[in-house]
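This is coords-v7.cif (mmCIF, N, CA and C atoms).
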data_protein
loop_
_atom_site.group_PDB
_atom_site.id
_atom_site.type_symbol
_atom_site.label_atom_id
_atom_site.label_comp_id
_atom_site.auth_asym_id
_atom_site.auth_seq_id
_atom_site.Cartn_x
_atom_site.Cartn_y
_atom_site.Cartn_z
ATOM 1 N N MET A 10 -13.381 10.070 -13.602
ATOM 2 C CA MET A 10 -13.440 9.093 -12.533
ATOM 3 C C MET A 10 -12.223 8.164 -12.566
ATOM 4 N N GLN A 11 -11.795 7.797 -13.773
ATOM 5 C CA GLN A 11 -10.640 6.919 -13.890
ATOM 6 C C GLN A 11 -9.390 7.609 -13.344
ATOM 7 N N GLY A 12 -9.292 8.897 -13.553
ATOM 8 C CA GLY A 12 -8.157 9.650 -13.025
ATOM 9 C C GLY A 12 -8.102 9.628 -11.509
ATOM 10 N N ALA A 13 -9.277 9.649 -10.870
ATOM 11 C CA ALA A 13 -9.319 9.592 -9.410
ATOM 12 C C ALA A 13 -8.794 8.252 -8.912
ATOM 13 N N TYR A 14 -9.171 7.172 -9.602
ATOM 14 C CA TYR A 14 -8.651 5.857 -9.216
ATOM 15 C C TYR A 14 -7.135 5.799 -9.396
ATOM 16 N N ASN A 15 -6.656 6.355 -10.497
ATOM 17 C CA ASN A 15 -5.210 6.361 -10.733
ATOM 18 C C ASN A 15 -4.474 7.108 -9.629
ATOM 19 N N ILE A 16 -5.004 8.249 -9.235
ATOM 20 C CA ILE A 16 -4.374 9.031 -8.168
ATOM 21 C C ILE A 16 -4.401 8.263 -6.857
ATOM 22 N N LEU A 17 -5.535 7.640 -6.532
ATOM 23 C CA LEU A 17 -5.626 6.853 -5.296
ATOM 24 C C LEU A 17 -4.642 5.692 -5.303
ATOM 25 N N ILE A 18 -4.490 5.042 -6.443
ATOM 26 C CA ILE A 18 -3.556 3.923 -6.535
ATOM 27 C C ILE A 18 -2.125 4.405 -6.329
ATOM 28 N N PHE A 19 -1.754 5.510 -6.958
ATOM 29 C CA PHE A 19 -0.397 6.024 -6.788
ATOM 30 C C PHE A 19 -0.141 6.512 -5.365
ATOM 31 N N ILE A 20 -1.128 7.117 -4.737
ATOM 32 C CA ILE A 20 -0.985 7.520 -3.337
ATOM 33 C C ILE A 20 -0.808 6.286 -2.459
ATOM 34 N N GLY A 21 -1.604 5.262 -2.725
ATOM 35 C CA GLY A 21 -1.487 4.025 -1.967
ATOM 36 C C GLY A 21 -0.119 3.385 -2.125
ATOM 37 N N LEU A 22 0.396 3.387 -3.349
ATOM 38 C CA LEU A 22 1.729 2.829 -3.584
ATOM 39 C C LEU A 22 2.796 3.637 -2.847
ATOM 40 N N ALA A 23 2.635 4.953 -2.810
ATOM 41 C CA ALA A 23 3.584 5.796 -2.086
ATOM 42 C C ALA A 23 3.531 5.504 -0.584
ATOM 43 N N VAL A 24 2.330 5.287 -0.065
ATOM 44 C CA VAL A 24 2.184 4.958 1.355
ATOM 45 C C VAL A 24 2.865 3.627 1.661
ATOM 46 N N VAL A 25 2.656 2.630 0.798
ATOM 47 C CA VAL A 25 3.299 1.328 0.996
ATOM 48 C C VAL A 25 4.814 1.475 0.966
ATOM 49 N N ALA A 26 5.339 2.222 0.000
ATOM 50 C CA ALA A 26 6.784 2.419 -0.094
ATOM 51 C C ALA A 26 7.325 3.152 1.135
ATOM 52 N N PHE A 27 6.581 4.142 1.624
ATOM 53 C CA PHE A 27 7.013 4.887 2.814
ATOM 54 C C PHE A 27 7.072 3.981 4.039
ATOM 55 N N ILE A 28 6.028 3.172 4.231
ATOM 56 C CA ILE A 28 5.996 2.267 5.382
ATOM 57 C C ILE A 28 7.126 1.245 5.277
ATOM 58 N N LEU A 29 7.352 0.722 4.076
ATOM 59 C CA LEU A 29 8.435 -0.232 3.876
ATOM 60 C C LEU A 29 9.782 0.402 4.203
ATOM 61 N N GLY A 30 10.014 1.612 3.707
ATOM 62 C CA GLY A 30 11.262 2.313 3.995
ATOM 63 C C GLY A 30 11.444 2.580 5.478
ATOM 64 N N TRP A 31 10.374 2.987 6.138
ATOM 65 C CA TRP A 31 10.421 3.247 7.573
ATOM 66 C C TRP A 31 10.784 1.966 8.321
ATOM 67 N N GLY A 32 10.211 0.847 7.904
ATOM 68 C CA GLY A 32 10.517 -0.428 8.543
ATOM 69 C C GLY A 32 11.958 -0.847 8.336
ATOM 70 N N ILE A 33 12.483 -0.626 7.132
ATOM 71 C CA ILE A 33 13.878 -0.982 6.857
ATOM 72 C C ILE A 33 14.827 -0.124 7.685
ATOM 73 N N VAL A 34 14.543 1.168 7.765
ATOM 74 C CA VAL A 34 15.376 2.062 8.585
ATOM 75 C C VAL A 34 15.315 1.640 10.047
ATOM 76 N N ASN A 35 14.123 1.313 10.534
ATOM 77 C CA ASN A 35 13.970 0.874 11.919
ATOM 78 C C ASN A 35 14.775 -0.396 12.175
ATOM 79 N N MET A 36 14.763 -1.313 11.215
ATOM 80 C CA MET A 36 15.481 -2.571 11.384
ATOM 81 C C MET A 36 16.989 -2.337 11.417
ATOM 82 N N PHE A 37 17.521 -1.513 10.497
ATOM 83 C CA PHE A 37 18.961 -1.297 10.441
ATOM 84 C C PHE A 37 19.474 -0.487 11.632
ATOM 85 N N ARG A 38 18.631 0.333 12.202
ATOM 86 C CA ARG A 38 19.046 1.105 13.379
ATOM 87 C C ARG A 38 18.928 0.291 14.661
ATOM 88 N N GLY A 39 18.392 -0.918 14.561
ATOM 89 C CA GLY A 39 18.220 -1.742 15.758
ATOM 90 C C GLY A 39 17.086 -1.238 16.625
ATOM 91 N N GLY A 40 16.029 -0.768 15.986
ATOM 92 C CA GLY A 40 14.888 -0.214 16.714
ATOM 93 C C GLY A 40 14.056 -1.274 17.410
ATOM 94 N N ASP A 41 12.971 -0.834 17.965
ATOM 95 C CA ASP A 41 12.066 -1.689 18.722
ATOM 96 C C ASP A 41 11.466 -2.767 17.810
ATOM 97 N N PRO A 42 11.600 -4.041 18.181
ATOM 98 C CA PRO A 42 11.002 -5.109 17.363
ATOM 99 C C PRO A 42 9.476 -5.019 17.278
ATOM 100 N N ASN A 43 8.838 -4.505 18.310
ATOM 101 C CA ASN A 43 7.386 -4.350 18.273
ATOM 102 C C ASN A 43 6.979 -3.323 17.212
ATOM 103 N N MET A 44 7.787 -2.290 17.060
ATOM 104 C CA MET A 44 7.519 -1.292 16.030
ATOM 105 C C MET A 44 7.652 -1.917 14.649
ATOM 106 N N SER A 45 8.645 -2.795 14.480
ATOM 107 C CA SER A 45 8.810 -3.480 13.198
ATOM 108 C C SER A 45 7.584 -4.318 12.868
ATOM 109 N N GLN A 46 7.034 -4.991 13.864
ATOM 110 C CA GLN A 46 5.834 -5.798 13.650
ATOM 111 C C GLN A 46 4.647 -4.920 13.267
ATOM 112 N N LYS A 47 4.506 -3.799 13.950
ATOM 113 C CA LYS A 47 3.404 -2.883 13.634
ATOM 114 C C LYS A 47 3.537 -2.327 12.217
ATOM 115 N N LEU A 48 4.763 -1.990 11.834
ATOM 116 C CA LEU A 48 4.994 -1.476 10.492
ATOM 117 C C LEU A 48 4.716 -2.548 9.436
ATOM 118 N N MET A 49 5.081 -3.797 9.724
ATOM 119 C CA MET A 49 4.815 -4.862 8.764
ATOM 120 C C MET A 49 3.313 -5.076 8.606
ATOM 121 N N ARG A 50 2.584 -5.042 9.713
ATOM 122 C CA ARG A 50 1.128 -5.188 9.627
ATOM 123 C C ARG A 50 0.508 -4.030 8.848
ATOM 124 N N ALA A 51 0.980 -2.821 9.114
ATOM 125 C CA ALA A 51 0.459 -1.654 8.406
ATOM 126 C C ALA A 51 0.753 -1.752 6.910
ATOM 127 N N ARG A 52 1.950 -2.250 6.560
ATOM 128 C CA ARG A 52 2.309 -2.402 5.150
ATOM 129 C C ARG A 52 1.427 -3.428 4.459
ATOM 130 N N VAL A 53 1.167 -4.542 5.135
ATOM 131 C CA VAL A 53 0.315 -5.577 4.541
ATOM 132 C C VAL A 53 -1.102 -5.049 4.333
ATOM 133 N N ILE A 54 -1.620 -4.308 5.293
ATOM 134 C CA ILE A 54 -2.965 -3.733 5.165
ATOM 135 C C ILE A 54 -2.997 -2.722 4.019
ATOM 136 N N ALA A 55 -1.969 -1.865 3.943
ATOM 137 C CA ALA A 55 -1.914 -0.876 2.865
ATOM 138 C C ALA A 55 -1.805 -1.561 1.502
ATOM 139 N N GLN A 56 -1.022 -2.630 1.412
ATOM 140 C CA GLN A 56 -0.909 -3.362 0.156
ATOM 141 C C GLN A 56 -2.242 -3.979 -0.234
ATOM 142 N N ALA A 57 -2.951 -4.528 0.735
ATOM 143 C CA ALA A 57 -4.260 -5.126 0.446
ATOM 144 C C ALA A 57 -5.226 -4.081 -0.091
ATOM 145 N N ILE A 58 -5.197 -2.889 0.477
ATOM 146 C CA ILE A 58 -6.073 -1.818 0.015
ATOM 147 C C ILE A 58 -5.719 -1.426 -1.423
ATOM 148 N N VAL A 59 -4.417 -1.320 -1.714
ATOM 149 C CA VAL A 59 -3.998 -0.950 -3.068
ATOM 150 C C VAL A 59 -4.397 -2.032 -4.074
ATOM 151 N N VAL A 60 -4.211 -3.284 -3.710
ATOM 152 C CA VAL A 60 -4.603 -4.373 -4.614
ATOM 153 C C VAL A 60 -6.107 -4.339 -4.847
ATOM 154 N N LEU A 61 -6.874 -4.096 -3.800
ATOM 155 C CA LEU A 61 -8.325 -3.991 -3.941
ATOM 156 C C LEU A 61 -8.706 -2.835 -4.865
ATOM 157 N N LEU A 62 -8.039 -1.689 -4.728
ATOM 158 C CA LEU A 62 -8.295 -0.561 -5.618
ATOM 159 C C LEU A 62 -7.984 -0.911 -7.072
ATOM 160 N N ILE A 63 -6.890 -1.624 -7.285
ATOM 161 C CA ILE A 63 -6.522 -2.013 -8.647
ATOM 162 C C ILE A 63 -7.560 -2.952 -9.232
ATOM 163 N N VAL A 64 -8.010 -3.930 -8.439
ATOM 164 C CA VAL A 64 -9.009 -4.883 -8.929
ATOM 165 C C VAL A 64 -10.317 -4.168 -9.247
ATOM 166 N N VAL A 65 -10.748 -3.259 -8.372
ATOM 167 C CA VAL A 65 -11.986 -2.519 -8.614
ATOM 168 C C VAL A 65 -11.846 -1.659 -9.877
ATOM 169 N N ALA A 66 -10.705 -1.000 -10.032
ATOM 170 C CA ALA A 66 -10.493 -0.163 -11.220
ATOM 171 C C ALA A 66 -10.504 -1.013 -12.487
ATOM 172 N N MET A 67 -9.901 -2.191 -12.433
ATOM 173 C CA MET A 67 -9.913 -3.066 -13.607
ATOM 174 C C MET A 67 -11.324 -3.534 -13.930
ATOM 175 N N TYR A 68 -12.111 -3.813 -12.907
ATOM 176 C CA TYR A 68 -13.487 -4.260 -13.130
ATOM 177 C C TYR A 68 -14.345 -3.128 -13.705
ATOM 178 N N VAL A 69 -14.208 -1.947 -13.118
ATOM 179 C CA VAL A 69 -15.055 -0.820 -13.524
ATOM 180 C C VAL A 69 -14.652 -0.284 -14.898
ATOM 181 N N PHE A 70 -13.346 -0.156 -15.144
ATOM 182 C CA PHE A 70 -12.885 0.509 -16.367
ATOM 183 C C PHE A 70 -12.349 -0.460 -17.409
ATOM 184 N N GLY A 71 -12.419 -1.745 -17.150
ATOM 185 C CA GLY A 71 -11.939 -2.723 -18.118
ATOM 186 C C GLY A 71 -12.791 -2.746 -19.365
ATOM 187 N N THR A 72 -12.203 -3.205 -20.444
ATOM 188 C CA THR A 72 -12.965 -3.297 -21.694
ATOM 189 C C THR A 72 -13.890 -4.495 -21.634
ATOM 190 N N ARG A 73 -15.076 -4.298 -22.131
ATOM 191 C CA ARG A 73 -16.068 -5.368 -22.138
ATOM 192 C C ARG A 73 -16.369 -5.728 -23.584
ATOM 193 N N SER A 74 -16.363 -6.995 -23.862
ATOM 194 C CA SER A 74 -16.614 -7.446 -25.232
ATOM 195 C C SER A 74 -18.091 -7.687 -25.467
#

Is it possible to express this structure as structure tokens?
Amino acid sequence: MQGAYNILIFIGLAVVAFILGWGIVNMFRGGDPNMSQKLMRARVIAQAIVVLLIVVAMYVFGTRS
């Protein structure tokens, strides 16, 4: 089960990096500003999901004294 969380976290990080890269390319090419806003919102949502996955994984698999 811990391996599944690790895979989900790494996939989420890859998605965040992809969206960030897409936004940077769009900005340097002088693309549509509305697209940049949509990409920024998508990146923030993806980051929130990844952070939530990390917190849940730490809670579930953390050491308990």

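The residue set within 8 Å of stretch 18-20 of chain A, counting all atoms listed in the file and dropping same-chain residues fewer than 4 places from it, reads Gly12, Ala13, Tyr14, Val24, Val25, Ala26, Ile58, Val59, Val60, Leu62 and Ile63 of chain A.
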
ask   = Mind pulling up the distance from atom C of A:Gln56 to atom CA of A:Gly21?
value =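 Distance between the two atoms: 8.2 Å.
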
message = Please compute the atom CA of A:Gln11-atom CA of A:Leu29 distance, one decimal, in Å.
response = 27.0 Å

task = May I have the residues at most 6.5 Å from (7.8, 1.6, 10.2) in the file's coordinates, counting all atoms listed in the file, as JSON, numbers by chain?
result = {"A": [28, 29, 30, 31, 32, 33, 35, 44, 45, 47, 48, 49]}

query = At what distance in Å, to one decimal, does atom N of A:Met67 lie from atom CA of A:Arg52?
reply =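 Calculated distance between atom CA of A:Arg52 and atom N of A:Met67 is 21.4 Å.
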
task = Kindly indicate which residue among A:Gly40, A:Ala51, A:Arg73, A:Val65 lies nearest to A:Asn15, using only C-alpha atoms for the distances.
result = A:Val65
